[in-house]
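Dropping my_file_0.pdb in here (PDB, C-alpha atoms):
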ATOM      1  CA  MET L 950     -33.228   8.819 -12.492
ATOM      2  CA  ASP L 951     -29.722   9.402 -13.827
ATOM      3  CA  VAL L 952     -28.144   6.866 -16.198
ATOM      4  CA  LEU L 953     -25.460   5.999 -13.637
ATOM      5  CA  GLN L 954     -28.101   5.467 -10.955
ATOM      6  CA  GLN L 955     -29.882   3.112 -13.348
ATOM      7  CA  ARG L 956     -26.620   1.224 -13.899
ATOM      8  CA  PHE L 957     -26.144   0.798 -10.163
ATOM      9  CA  GLY L 958     -29.787  -0.244  -9.862
ATOM     10  CA  GLN L 959     -29.100  -3.030 -12.352
ATOM     11  CA  LEU L 960     -25.974  -3.927 -10.418
ATOM     12  CA  THR L 961     -28.005  -4.218  -7.211
ATOM     13  CA  THR L 962     -30.622  -6.386  -8.920
ATOM     14  CA  ILE L 963     -28.044  -8.801 -10.348
ATOM     15  CA  LEU L 964     -26.177  -9.099  -7.041
ATOM     16  CA  SER L 965     -29.404  -9.625  -5.082
ATOM     17  CA  ARG L 966     -30.261 -12.630  -7.260
ATOM     18  CA  GLN L 967     -26.849 -14.164  -6.614
ATOM     19  CA  ILE L 968     -26.542 -13.257  -2.924
ATOM     20  CA  ILE L 969     -29.810 -14.552  -1.532
ATOM     21  CA  GLY L 970     -31.080 -13.422   1.854
ATOM     22  CA  GLN L 971     -28.362 -10.799   2.411
ATOM     23  CA  PRO L 972     -29.754  -7.506   1.049
ATOM     24  CA  LYS L 973     -27.895  -5.524   3.715
ATOM     25  CA  LEU L 974     -24.544  -6.986   2.665
ATOM     26  CA  VAL L 975     -25.243  -6.165  -1.000
ATOM     27  CA  GLU L 976     -26.222  -2.577  -0.167
ATOM     28  CA  ARG L 977     -23.245  -2.026   2.159
ATOM     29  CA  LEU L 978     -20.812  -3.348  -0.448
ATOM     30  CA  LEU L 979     -22.092  -0.845  -2.997
ATOM     31  CA  ILE L 980     -22.100   1.970  -0.422
ATOM     32  CA  ALA L 981     -18.465   1.218   0.432
ATOM     33  CA  LEU L 982     -17.640   1.213  -3.291
ATOM     34  CA  LEU L 983     -19.315   4.588  -3.821
ATOM     35  CA  ALA L 984     -17.887   6.110  -0.632
ATOM     36  CA  ASP L 985     -14.371   4.886  -1.508
ATOM     37  CA  GLY L 986     -13.917   3.028   1.774
ATOM     38  CA  HIS L 987     -13.390  -0.432   3.234
ATOM     39  CA  LEU L 988     -15.721  -2.660   5.215
ATOM     40  CA  LEU L 989     -15.394  -5.256   7.946
ATOM     41  CA  VAL L 990     -18.052  -7.968   7.721
ATOM     42  CA  GLU L 991     -18.806 -10.120  10.738
ATOM     43  CA  GLY L 992     -20.912 -13.248  10.423
ATOM     44  CA  ALA L 993     -20.952 -16.998  10.804
ATOM     45  CA  PRO L 994     -19.392 -19.187   8.083
ATOM     46  CA  GLY L 995     -21.488 -19.869   4.986
ATOM     47  CA  LEU L 996     -23.323 -16.538   4.778
ATOM     48  CA  ALA L 997     -22.089 -15.689   1.247
ATOM     49  CA  LYS L 998     -19.441 -13.159   2.299
ATOM     50  CA  THR L 999     -16.848 -14.488  -0.161
ATOM     51  CA  ARG L1000     -19.478 -15.030  -2.832
ATOM     52  CA  ALA L1001     -20.709 -11.435  -2.518
ATOM     53  CA  ILE L1002     -17.425  -9.710  -3.280
ATOM     54  CA  ARG L1003     -16.510 -12.302  -5.905
ATOM     55  CA  GLN L1004     -19.789 -11.680  -7.745
ATOM     56  CA  LEU L1005     -19.273  -7.925  -7.462
ATOM     57  CA  SER L1006     -15.808  -8.240  -8.995
ATOM     58  CA  GLY L1007     -17.352  -9.908 -12.041
ATOM     59  CA  LEU L1008     -19.564  -6.861 -12.589
ATOM     60  CA  LEU L1009     -16.717  -4.343 -12.441
ATOM     61  CA  GLU L1010     -13.780  -3.721 -14.722
ATOM     62  CA  GLY L1011     -11.083  -4.734 -12.270
ATOM     63  CA  SER L1012      -9.312  -7.622 -10.613
ATOM     64  CA  PHE L1013     -10.169  -9.601  -7.490
ATOM     65  CA  GLN L1014      -7.966 -11.414  -4.979
ATOM     66  CA  ARG L1015      -8.860 -13.473  -1.948
ATOM     67  CA  ILE L1016      -6.302 -13.698   0.877
ATOM     68  CA  GLN L1017      -6.766 -16.296   3.606
ATOM     69  CA  PHE L1018      -5.319 -14.849   6.797
ATOM     70  CA  THR L1019      -3.492 -17.365   9.013
ATOM     71  CA  PRO L1020      -1.159 -17.057  12.034
ATOM     72  CA  ASP L1021       1.929 -17.846   9.922
ATOM     73  CA  LEU L1022       1.240 -15.135   7.311
ATOM     74  CA  LEU L1023       4.003 -12.557   6.755
ATOM     75  CA  PRO L1024       3.676  -8.918   5.587
ATOM     76  CA  ALA L1025       5.516  -9.809   2.360
ATOM     77  CA  ASP L1026       2.775 -12.357   1.623
ATOM     78  CA  LEU L1027       0.481  -9.333   1.158
ATOM     79  CA  THR L1028       2.729  -6.618  -0.204
ATOM     80  CA  GLY L1029       5.158  -8.646  -2.290
ATOM     81  CA  SER L1030       8.940  -8.496  -2.016
ATOM     82  CA  ASP L1031      12.162  -7.884  -3.891
ATOM     83  CA  VAL L1032      13.293 -11.062  -5.667
ATOM     84  CA  TYR L1033      16.847 -11.528  -6.888
ATOM     85  CA  ARG L1034      17.085 -12.447 -10.563
ATOM     86  CA  ALA L1035      20.486 -13.950 -11.357
ATOM     87  CA  GLN L1036      20.165 -13.391 -15.108
ATOM     88  CA  GLU L1037      19.753  -9.656 -14.514
ATOM     89  CA  GLY L1038      22.069  -9.473 -11.508
ATOM     90  CA  ALA L1039      19.567  -7.309  -9.626
ATOM     91  CA  PHE L1040      16.597  -7.389  -7.274
ATOM     92  CA  VAL L1041      13.203  -6.981  -8.944
ATOM     93  CA  PHE L1042       9.996  -6.188  -7.091
ATOM     94  CA  GLN L1043       7.394  -8.964  -7.293
ATOM     95  CA  PRO L1044       3.942  -7.492  -6.455
ATOM     96  CA  GLY L1045       1.830  -9.283  -3.863
ATOM     97  CA  PRO L1046      -1.932  -9.912  -3.793
ATOM     98  CA  LEU L1047      -2.741  -6.382  -2.585
ATOM     99  CA  PHE L1048      -2.129  -5.140  -6.130
ATOM    100  CA  HIS L1049      -5.732  -5.811  -7.161
ATOM    101  CA  ASN L1050      -8.891  -3.699  -7.139
ATOM    102  CA  LEU L1051     -11.068  -5.798  -4.825
ATOM    103  CA  ILE L1052      -9.469  -7.627  -1.899
ATOM    104  CA  LEU L1053     -11.127 -10.177   0.357
ATOM    105  CA  ALA L1054      -9.152 -10.394   3.616
ATOM    106  CA  ASP L1055     -10.704 -13.589   4.941
ATOM    107  CA  GLU L1056     -10.633 -14.050   8.739
ATOM    108  CA  ILE L1057      -8.442 -11.004   9.213
ATOM    109  CA  ASN L1058      -8.199 -11.497  12.973
ATOM    110  CA  ARG L1059      -6.214 -14.720  12.495
ATOM    111  CA  ALA L1060      -3.132 -12.816  11.311
ATOM    112  CA  PRO L1061      -0.548 -11.314  13.705
ATOM    113  CA  ALA L1062      -0.038  -7.585  14.271
ATOM    114  CA  LYS L1063       2.723  -7.115  11.640
ATOM    115  CA  VAL L1064       0.460  -8.417   8.887
ATOM    116  CA  GLN L1065      -2.469  -6.321  10.085
ATOM    117  CA  SER L1066      -0.151  -3.288  10.085
ATOM    118  CA  ALA L1067       0.828  -3.915   6.445
ATOM    119  CA  LEU L1068      -2.839  -4.090   5.492
ATOM    120  CA  LEU L1069      -3.513  -0.920   7.498
ATOM    121  CA  GLU L1070      -1.029   1.091   5.413
ATOM    122  CA  ALA L1071      -2.578  -0.223   2.215
ATOM    123  CA  MET L1072      -6.099   0.683   3.381
ATOM    124  CA  ALA L1073      -5.233   4.123   4.703
ATOM    125  CA  GLU L1074      -2.598   5.331   2.257
ATOM    126  CA  ARG L1075      -3.468   3.308  -0.870
ATOM    127  CA  GLN L1076       0.198   2.360  -1.087
ATOM    128  CA  ILE L1077       2.649  -0.183   0.288
ATOM    129  CA  SER L1078       6.303   0.136   1.266
ATOM    130  CA  VAL L1079       8.988  -2.454   0.598
ATOM    131  CA  GLY L1080      12.489  -1.522   1.644
ATOM    132  CA  ARG L1081      13.065   2.064   0.577
ATOM    133  CA  GLN L1082      10.479   1.981  -2.188
ATOM    134  CA  THR L1083       6.824   2.932  -2.064
ATOM    135  CA  TYR L1084       4.347   1.542  -4.599
ATOM    136  CA  ALA L1085       0.891   2.936  -5.364
ATOM    137  CA  LEU L1086      -2.014   0.506  -5.360
ATOM    138  CA  ALA L1087      -4.753   0.113  -7.948
ATOM    139  CA  ASP L1088      -7.663   2.525  -8.298
ATOM    140  CA  PRO L1089     -10.337   1.686  -7.293
ATOM    141  CA  PHE L1090      -9.122  -0.204  -4.234
ATOM    142  CA  LEU L1091     -11.572  -1.794  -1.799
ATOM    143  CA  VAL L1092     -10.832  -4.185   1.063
ATOM    144  CA  MET L1093     -13.595  -6.345   2.476
ATOM    145  CA  ALA L1094     -12.315  -8.040   5.621
ATOM    146  CA  THR L1095     -14.225 -10.778   7.415
ATOM    147  CA  GLN L1096     -14.098 -12.198  10.894
ATOM    148  CA  ASN L1097     -15.902 -15.090  12.523
ATOM    149  CA  PRO L1098     -17.741 -14.024  15.709
ATOM    150  CA  ILE L1099     -18.055 -17.611  16.944
ATOM    151  CA  GLU L1100     -14.482 -18.865  17.175
ATOM    152  CA  GLN L1101     -12.009 -16.645  19.035
ATOM    153  CA  GLU L1102      -9.281 -19.149  19.896
ATOM    154  CA  GLY L1103      -5.962 -18.370  18.210
ATOM    155  CA  THR L1104      -7.068 -14.952  16.951
ATOM    156  CA  TYR L1105      -5.509 -11.508  17.228
ATOM    157  CA  PRO L1106      -8.119  -8.809  18.004
ATOM    158  CA  LEU L1107      -7.851  -5.822  15.687
ATOM    159  CA  PRO L1108      -6.553  -2.690  17.473
ATOM    160  CA  GLU L1109      -8.840   0.334  17.664
ATOM    161  CA  ALA L1110      -6.611   2.326  15.285
ATOM    162  CA  GLN L1111      -7.110  -0.255  12.546
ATOM    163  CA  LEU L1112     -10.821  -0.670  13.218
ATOM    164  CA  ASP L1113     -11.214   3.073  12.758
ATOM    165  CA  ARG L1114      -9.850   2.725   9.213
ATOM    166  CA  PHE L1115     -12.875   0.662   8.205
ATOM    167  CA  LEU L1116     -15.669   2.764   6.781
ATOM    168  CA  LEU L1117     -18.293   0.247   7.953
ATOM    169  CA  HIS L1118     -18.528  -2.660  10.374
ATOM    170  CA  VAL L1119     -21.353  -4.815   9.032
ATOM    171  CA  ARG L1120     -22.955  -7.665  10.962
ATOM    172  CA  ILE L1121     -24.981 -10.230   9.037
ATOM    173  CA  ASP L1122     -27.168 -13.090  10.227
ATOM    174  CA  PHE L1123     -28.681 -16.315   8.927
ATOM    175  CA  PRO L1124     -31.375 -16.125   6.194
ATOM    176  CA  ASP L1125     -35.015 -16.959   6.905
ATOM    177  CA  LEU L1126     -36.767 -20.156   5.778
ATOM    178  CA  GLU L1127     -37.862 -18.908   2.350
ATOM    179  CA  ASN L1128     -34.421 -17.579   1.478
ATOM    180  CA  GLU L1129     -32.820 -20.764   2.785
ATOM    181  CA  ARG L1130     -35.022 -22.685   0.346
ATOM    182  CA  ARG L1131     -33.925 -20.415  -2.516
ATOM    183  CA  ILE L1132     -30.273 -20.914  -1.554
ATOM    184  CA  LEU L1133     -30.743 -24.680  -1.596
ATOM    185  CA  ARG L1134     -32.250 -24.594  -5.086
ATOM    186  CA  LEU L1135     -29.583 -22.208  -6.351
ATOM    187  CA  ALA L1136     -26.829 -24.509  -5.073
ATOM    188  CA  ARG L1137     -28.521 -27.474  -6.761
ATOM    189  CA  ARG L1138     -28.652 -25.644 -10.114
ATOM    190  CA  GLU L1139     -25.006 -24.622  -9.889
ATOM    191  CA  ALA L1140     -23.942 -28.166  -8.969
ATOM    192  CA  ALA L1141     -25.767 -29.421 -12.080
ATOM    193  CA  GLY L1142     -23.933 -26.907 -14.261
ATOM    194  CA  LEU L1143     -27.077 -24.910 -15.010
ATOM    195  CA  PRO L1144     -27.242 -21.094 -15.072
ATOM    196  CA  ALA L1145     -27.655 -19.844 -11.527
ATOM    197  CA  VAL L1146     -30.434 -17.373 -12.362
ATOM    198  CA  ALA L1147     -32.280 -16.146 -15.415
ATOM    199  CA  ASP L1148     -30.606 -13.164 -17.019
ATOM    200  CA  ASP L1149     -33.184 -10.385 -16.748
ATOM    201  CA  GLU L1150     -30.535  -7.722 -17.318
ATOM    202  CA  PRO L1151     -29.322  -8.521 -20.849
ATOM    203  CA  GLY L1152     -26.472  -6.465 -22.171
ATOM    204  CA  PHE L1153     -25.146  -5.363 -18.784
ATOM    205  CA  THR L1154     -21.507  -4.503 -19.313
ATOM    206  CA  PRO L1155     -19.076  -4.347 -16.401
ATOM    207  CA  LEU L1156     -18.903  -0.984 -14.689
ATOM    208  CA  SER L1157     -15.803   0.924 -15.800
ATOM    209  CA  PRO L1158     -13.473   2.901 -13.481
ATOM    210  CA  SER L1159     -14.512   6.142 -15.214
ATOM    211  CA  GLU L1160     -18.201   5.405 -14.518
ATOM    212  CA  LEU L1161     -17.358   4.693 -10.885
ATOM    213  CA  ARG L1162     -15.462   7.978 -10.592
ATOM    214  CA  ARG L1163     -18.424   9.899 -12.041
ATOM    215  CA  ALA L1164     -20.811   8.096  -9.683
ATOM    216  CA  ARG L1165     -18.623   9.005  -6.698
ATOM    217  CA  GLN L1166     -18.635  12.638  -7.781
ATOM    218  CA  GLN L1167     -22.435  12.612  -8.031
ATOM    219  CA  VAL L1168     -22.596  11.177  -4.509
ATOM    220  CA  LEU L1169     -20.369  13.985  -3.204
ATOM    221  CA  ASP L1170     -22.559  16.568  -4.963
ATOM    222  CA  LEU L1171     -25.811  15.138  -3.521
ATOM    223  CA  TYR L1172     -27.810  17.632  -1.469
ATOM    224  CA  LEU L1173     -27.503  17.402   2.316
ATOM    225  CA  ALA L1174     -29.592  19.993   4.151
ATOM    226  CA  GLU L1175     -27.734  22.102   6.697
ATOM    227  CA  ASN L1176     -29.967  20.949   9.558
ATOM    228  CA  LEU L1177     -29.322  17.306   8.625
ATOM    229  CA  GLU L1178     -25.584  17.956   8.554
ATOM    230  CA  GLU L1179     -25.944  19.375  12.059
ATOM    231  CA  TYR L1180     -27.930  16.296  13.135
ATOM    232  CA  LEU L1181     -25.232  14.003  11.739
ATOM    233  CA  LEU L1182     -22.539  15.886  13.664
ATOM    234  CA  GLN L1183     -24.583  15.915  16.858
ATOM    235  CA  LEU L1184     -24.901  12.111  16.693
ATOM    236  CA  VAL L1185     -21.117  11.758  16.472
ATOM    237  CA  LEU L1186     -20.475  14.364  19.159
ATOM    238  CA  ALA L1187     -22.959  12.604  21.449
ATOM    239  CA  THR L1188     -20.544   9.674  21.632
ATOM    240  CA  ARG L1189     -17.861  12.045  22.991
ATOM    241  CA  HIS L1190     -20.131  14.061  25.303
ATOM    242  CA  PRO L1191     -22.704  11.456  26.371
ATOM    243  CA  GLN L1192     -23.330  13.306  29.653
ATOM    244  CA  ASP L1193     -25.401  15.808  27.655
ATOM    245  CA  TYR L1194     -27.925  13.053  26.969
ATOM    246  CA  GLY L1195     -28.041  11.205  30.266
ATOM    247  CA  GLU L1196     -25.907  10.059  33.167
ATOM    248  CA  ASP L1197     -26.408   6.429  32.120
ATOM    249  CA  LEU L1198     -24.784   7.145  28.751
ATOM    250  CA  ARG L1199     -21.869   8.940  30.420
ATOM    251  CA  ARG L1200     -21.154   5.837  32.483
ATOM    252  CA  ALA L1201     -21.514   3.558  29.452
ATOM    253  CA  ILE L1202     -19.059   5.189  27.011
ATOM    254  CA  GLN L1203     -15.355   5.203  27.771
ATOM    255  CA  TYR L1204     -14.194   6.652  24.413
ATOM    256  CA  GLY L1205     -16.301   8.135  21.645
ATOM    257  CA  ALA L1206     -15.993   8.100  17.861
ATOM    258  CA  SER L1207     -13.208   9.904  15.990
ATOM    259  CA  PRO L1208     -13.738  12.596  13.294
ATOM    260  CA  ARG L1209     -13.527   9.773  10.736
ATOM    261  CA  ALA L1210     -16.973   8.707  11.957
ATOM    262  CA  GLY L1211     -18.556  11.969  10.817
ATOM    263  CA  ILE L1212     -16.824  11.785   7.441
ATOM    264  CA  ALA L1213     -17.912   8.153   7.004
ATOM    265  CA  LEU L1214     -21.511   8.844   8.017
ATOM    266  CA  ASP L1215     -21.703  11.772   5.602
ATOM    267  CA  ARG L1216     -20.305   9.783   2.659
ATOM    268  CA  CYS L1217     -22.383   6.688   3.402
ATOM    269  CA  ALA L1218     -25.675   8.558   3.917
ATOM    270  CA  ARG L1219     -25.186  10.317   0.589
ATOM    271  CA  SER L1220     -24.362   6.995  -1.100
ATOM    272  CA  ARG L1221     -27.485   5.311   0.302
ATOM    273  CA  ALA L1222     -29.694   8.179  -0.876
ATOM    274  CA  TRP L1223     -28.072   8.096  -4.336
ATOM    275  CA  LEU L1224     -28.560   4.329  -4.638
ATOM    276  CA  ALA L1225     -32.227   4.832  -3.775
ATOM    277  CA  GLY L1226     -32.543   7.215  -6.734
ATOM    278  CA  ARG L1227     -32.981  10.335  -4.605
ATOM    279  CA  ASP L1228     -31.223  13.681  -4.993
ATOM    280  CA  HIS L1229     -31.190  14.452  -1.264
ATOM    281  CA  VAL L1230     -30.408  12.792   2.063
ATOM    282  CA  LEU L1231     -33.149  11.897   4.565
ATOM    283  CA  PRO L1232     -32.802  11.450   8.354
ATOM    284  CA  GLU L1233     -33.447   7.728   7.889
ATOM    285  CA  ASP L1234     -30.287   7.445   5.755
ATOM    286  CA  ILE L1235     -28.217   8.755   8.640
ATOM    287  CA  GLN L1236     -30.004   6.627  11.245
ATOM    288  CA  ASN L1237     -29.833   3.470   9.147
ATOM    289  CA  LEU L1238     -26.067   3.744   8.718
ATOM    290  CA  ALA L1239     -25.221   5.026  12.206
ATOM    291  CA  PHE L1240     -24.916   1.473  13.549
ATOM    292  CA  ASP L1241     -22.419   0.262  10.930
ATOM    293  CA  VAL L1242     -20.412   3.495  11.088
ATOM    294  CA  LEU L1243     -20.235   3.811  14.888
ATOM    295  CA  ARG L1244     -20.267   0.304  16.382
ATOM    296  CA  HIS L1245     -16.550  -0.332  15.867
ATOM    297  CA  ARG L1246     -15.552   3.198  16.871
ATOM    298  CA  LEU L1247     -17.024   3.149  20.386
ATOM    299  CA  ILE L1248     -15.259   1.780  23.442
ATOM    300  CA  LEU L1249     -17.694   0.842  26.159
ATOM    301  CA  SER L1250     -16.875   1.050  29.834
ATOM    302  CA  TYR L1251     -16.388  -2.048  31.933
ATOM    303  CA  GLU L1252     -19.533  -1.139  33.825
ATOM    304  CA  ALA L1253     -21.592  -1.092  30.619
ATOM    305  CA  GLU L1254     -20.235  -4.433  29.397
ATOM    306  CA  ALA L1255     -20.804  -6.022  32.795
ATOM    307  CA  GLY L1256     -24.398  -4.813  32.655
ATOM    308  CA  GLY L1257     -25.002  -6.470  29.282
ATOM    309  CA  MET L1258     -24.836  -3.287  27.223
ATOM    310  CA  ASN L1259     -23.412  -3.513  23.697
ATOM    311  CA  ALA L1260     -22.566  -0.932  21.044
ATOM    312  CA  ASP L1261     -25.791  -1.435  19.073
ATOM    313  CA  ARG L1262     -28.023  -0.838  22.105
ATOM    314  CA  LEU L1263     -25.991   2.235  22.927
ATOM    315  CA  ILE L1264     -26.343   3.631  19.405
ATOM    316  CA  SER L1265     -30.107   2.985  19.554
ATOM    317  CA  GLU L1266     -30.231   5.094  22.730
ATOM    318  CA  LEU L1267     -28.268   7.890  21.080
ATOM    319  CA  ILE L1268     -30.594   7.908  18.061
ATOM    320  CA  ALA L1269     -33.597   8.030  20.391
ATOM    321  CA  ARG L1270     -32.202  10.939  22.436
ATOM    322  CA  VAL L1271     -30.551  13.194  19.843
ATOM    323  CA  PRO L1272     -33.356  15.371  18.410
ATOM    324  CA  VAL L1273     -34.187  14.875  14.725
ATOM    325  CA  PRO L1274     -34.590  18.149  12.799
TER     326      PRO L1274
END
Written as structure tokens, that's how I'd like the structure from this file.
Amino acid sequence: MDVLQQRFGQLTTILSRQIIGQPKLVERLLIALLADGHLLVEGAPGLAKTRAIRQLSGLLEGSFQRIQFTPDLLPADLTGSDVYRAQEGAFVFQPGPLFHNLILADEINRAPAKVQSALLEAMAERQISVGRQTYALADPFLVMATQNPIEQEGTYPLPEAQLDRFLLHVRIDFPDLENERRILRLARREAAGLPAVADDEPGFTPLSPSELRRARQQVLDLYLAENLEEYLLQLVLATRHPQDYGEDLRRAIQYGASPRAGIALDRCARSRAWLAGRDHVLPEDIQNLAFDVLRHRLILSYEAEAGGMNADRLISELIARVPVP
């Protein structure tokens, strides 16, 4: 195993001890980091979403900022604005919270469209515009947005164009009994001012931007067999031509996934294989990530929704029907 893979293995181990009962969230965070994309995390309150990205920020050389999205938020609250300084007799740009490496956009669907649009430019272009000036954002730059699936009153649903900018849409659930017990004991230790967990990874230094860049390059260079690349593309194309796999699927899908879905699935499958210490991608890497890559990029028909169909069930059907090489 490569030295960088070992470093990320240590990173996974440390995060898993701090984020109990959410191994999928830990893995998806690291995949998004390696694939240079953003993720939307959906789950009930108290499932360690904020804690996860905060703990990750402590293991990277970079800065972290949490932004609580509310209905009265303005675009300038994210991007910053020009401030007049009387002593200089000129306007000076005051950077906003987006000028950090890791951003937690908490309850993103509570902000109005103008604010979501400002975040969209930052996510897609890695820059923000204020007046006539454009400012580049930090590198690396990762946005983890959250939304609460329970409470929908007073929220602004994210438009499809913005959803498509998210590399992954991750859904997390409550931990089981044993993990709930571990969480309880961890919280008790932290409240008493004791170390949260034993340090079994002594000497772990924060991951530097140069190490992250080299890791990303290794991910891009990872071997993906030609027949698996074809399988990946066929899965994405099946969302646009569902009639090739059954009349029921044709009636269920109104709009399929964009080309960004294929790019995201390729990058994420390679990242998952690399994190596992492999030098090649397996079909299970593609299938495992298909749900998080595709669920927010599909628009189901009214007929499908009325019949109780959801995106995850639809993706399961596609995986079952598209032949595996």
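Near (10.7, -7.1, -4.5), the residues inside the 6 Å limit, counting only C-alpha atoms, come to Ser1030, Asp1031, Val1032, Val1041, Phe1042 and Gln1043 of chain L.
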Next, dump the selected residues to file, keeping only C-alpha atoms, as a short mmCIF file (atom, residue, chain, number, x, y, z; two decimals), in the coordinates of the input.
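Output contents, as saved in result_2.cif:
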data_model
loop_
_atom_site.label_atom_id
_atom_site.label_comp_id
_atom_site.auth_asym_id
_atom_site.auth_seq_id
_atom_site.Cartn_x
_atom_site.Cartn_y
_atom_site.Cartn_z
CA SER L 1030 8.94 -8.50 -2.02
CA ASP L 1031 12.16 -7.88 -3.89
CA VAL L 1032 13.29 -11.06 -5.67
CA VAL L 1041 13.20 -6.98 -8.94
CA PHE L 1042 10.00 -6.19 -7.09
CA GLN L 1043 7.39 -8.96 -7.29
#
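Using all atoms listed in the file, the smallest distance between any of L:Arg956, L:Arg1165, L:Arg966, L:Arg1081 and Asp985 of chain L comes from L:Arg1165.
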Counting only C-alpha atoms, which of L:Gly995, L:Pro1106, L:Pro1155, L:Pro1089 gets nearest to Met1072 of chain L? L:Pro1089
Nearest to Val1168 of chain L by atom-to-atom distance, counting only C-alpha atoms, from L:Gly1257, L:Pro1024, L:Gly1226, L:Gly1029: L:Gly1226
Residue by residue, what does the PyMOL selection byres ((chain L and resi 1167) around 12) grab here? Present the result as a VMD selection string. chain L and resid 951 to 954 983 to 984 1160 to 1166 1168 to 1172 1216 1219 to 1220 1222 to 1224 1226 to 1229
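When only C-alpha atoms are used to compute distances to Asp1125 of chain L, the closest of the residues L:Leu1086, L:Ala1141, L:Gln971, L:Pro1046 turns out to be L:Gln971.
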Residues within 6 Å of Arg1120 of chain L, all atoms listed in the file, excluding chain neighbours under 2 positions, as a ChimeraX atom specification: /L:990-992
Could you please take those selected residues and save C-alpha atoms as a PDB file, in the coordinates of the input?
ATOM      1  CA  VAL L 990     -18.052  -7.968   7.721  1.00  0.00           C
ATOM      2  CA  GLU L 991     -18.806 -10.120  10.738  1.00  0.00           C
ATOM      3  CA  GLY L 992     -20.912 -13.248  10.423  1.00  0.00           C
TER       4      GLY L 992
END
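Interatomic distance, atom CA of Ile963 of chain L to atom CA of Pro1098 of chain L: 28.5 Å.
Note that atom CA of Ile1248 of chain L and atom CA of Asp1261 of chain L are 11.8 Å apart.
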Can you give me N, CA and C atoms for segment 1178-1193 of chain L, written as an mmCIF file, in the frame of the given file?
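Below is the file out.cif, written as the result:
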data_model
loop_
_atom_site.group_PDB
_atom_site.id
_atom_site.type_symbol
_atom_site.label_atom_id
_atom_site.label_comp_id
_atom_site.auth_asym_id
_atom_site.auth_seq_id
_atom_site.Cartn_x
_atom_site.Cartn_y
_atom_site.Cartn_z
ATOM 1 N N GLU L 1178 -27.018 18.003 8.280
ATOM 2 C CA GLU L 1178 -25.584 17.956 8.554
ATOM 3 C C GLU L 1178 -25.327 18.187 10.050
ATOM 4 N N GLU L 1179 -26.073 19.117 10.621
ATOM 5 C CA GLU L 1179 -25.944 19.375 12.059
ATOM 6 C C GLU L 1179 -26.372 18.152 12.870
ATOM 7 N N TYR L 1180 -27.453 17.506 12.443
ATOM 8 C CA TYR L 1180 -27.930 16.296 13.135
ATOM 9 C C TYR L 1180 -26.887 15.190 13.076
ATOM 10 N N LEU L 1181 -26.276 15.009 11.917
ATOM 11 C CA LEU L 1181 -25.232 14.003 11.739
ATOM 12 C C LEU L 1181 -24.070 14.271 12.704
ATOM 13 N N LEU L 1182 -23.652 15.534 12.787
ATOM 14 C CA LEU L 1182 -22.539 15.886 13.664
ATOM 15 C C LEU L 1182 -22.909 15.723 15.138
ATOM 16 N N GLN L 1183 -24.148 16.054 15.462
ATOM 17 C CA GLN L 1183 -24.583 15.915 16.858
ATOM 18 C C GLN L 1183 -24.596 14.445 17.294
ATOM 19 N N LEU L 1184 -24.934 13.544 16.372
ATOM 20 C CA LEU L 1184 -24.901 12.111 16.693
ATOM 21 C C LEU L 1184 -23.477 11.665 17.022
ATOM 22 N N VAL L 1185 -22.514 12.126 16.229
ATOM 23 C CA VAL L 1185 -21.117 11.758 16.472
ATOM 24 C C VAL L 1185 -20.614 12.399 17.758
ATOM 25 N N LEU L 1186 -20.929 13.670 17.957
ATOM 26 C CA LEU L 1186 -20.475 14.364 19.159
ATOM 27 C C LEU L 1186 -21.105 13.793 20.424
ATOM 28 N N ALA L 1187 -22.298 13.218 20.285
ATOM 29 C CA ALA L 1187 -22.959 12.604 21.449
ATOM 30 C C ALA L 1187 -22.164 11.433 21.996
ATOM 31 N N THR L 1188 -21.367 10.783 21.144
ATOM 32 C CA THR L 1188 -20.544 9.674 21.632
ATOM 33 C C THR L 1188 -19.363 10.183 22.459
ATOM 34 N N ARG L 1189 -18.984 11.465 22.246
ATOM 35 C CA ARG L 1189 -17.861 12.045 22.991
ATOM 36 C C ARG L 1189 -18.333 12.824 24.209
ATOM 37 N N HIS L 1190 -19.567 13.313 24.175
ATOM 38 C CA HIS L 1190 -20.131 14.061 25.303
ATOM 39 C C HIS L 1190 -21.464 13.432 25.704
ATOM 40 N N PRO L 1191 -21.440 12.149 26.069
ATOM 41 C CA PRO L 1191 -22.704 11.456 26.371
ATOM 42 C C PRO L 1191 -23.428 12.014 27.587
ATOM 43 N N GLN L 1192 -22.700 12.749 28.460
ATOM 44 C CA GLN L 1192 -23.330 13.306 29.653
ATOM 45 C C GLN L 1192 -24.422 14.310 29.293
ATOM 46 N N ASP L 1193 -24.366 14.862 28.087
ATOM 47 C CA ASP L 1193 -25.401 15.808 27.655
ATOM 48 C C ASP L 1193 -26.740 15.117 27.392
#
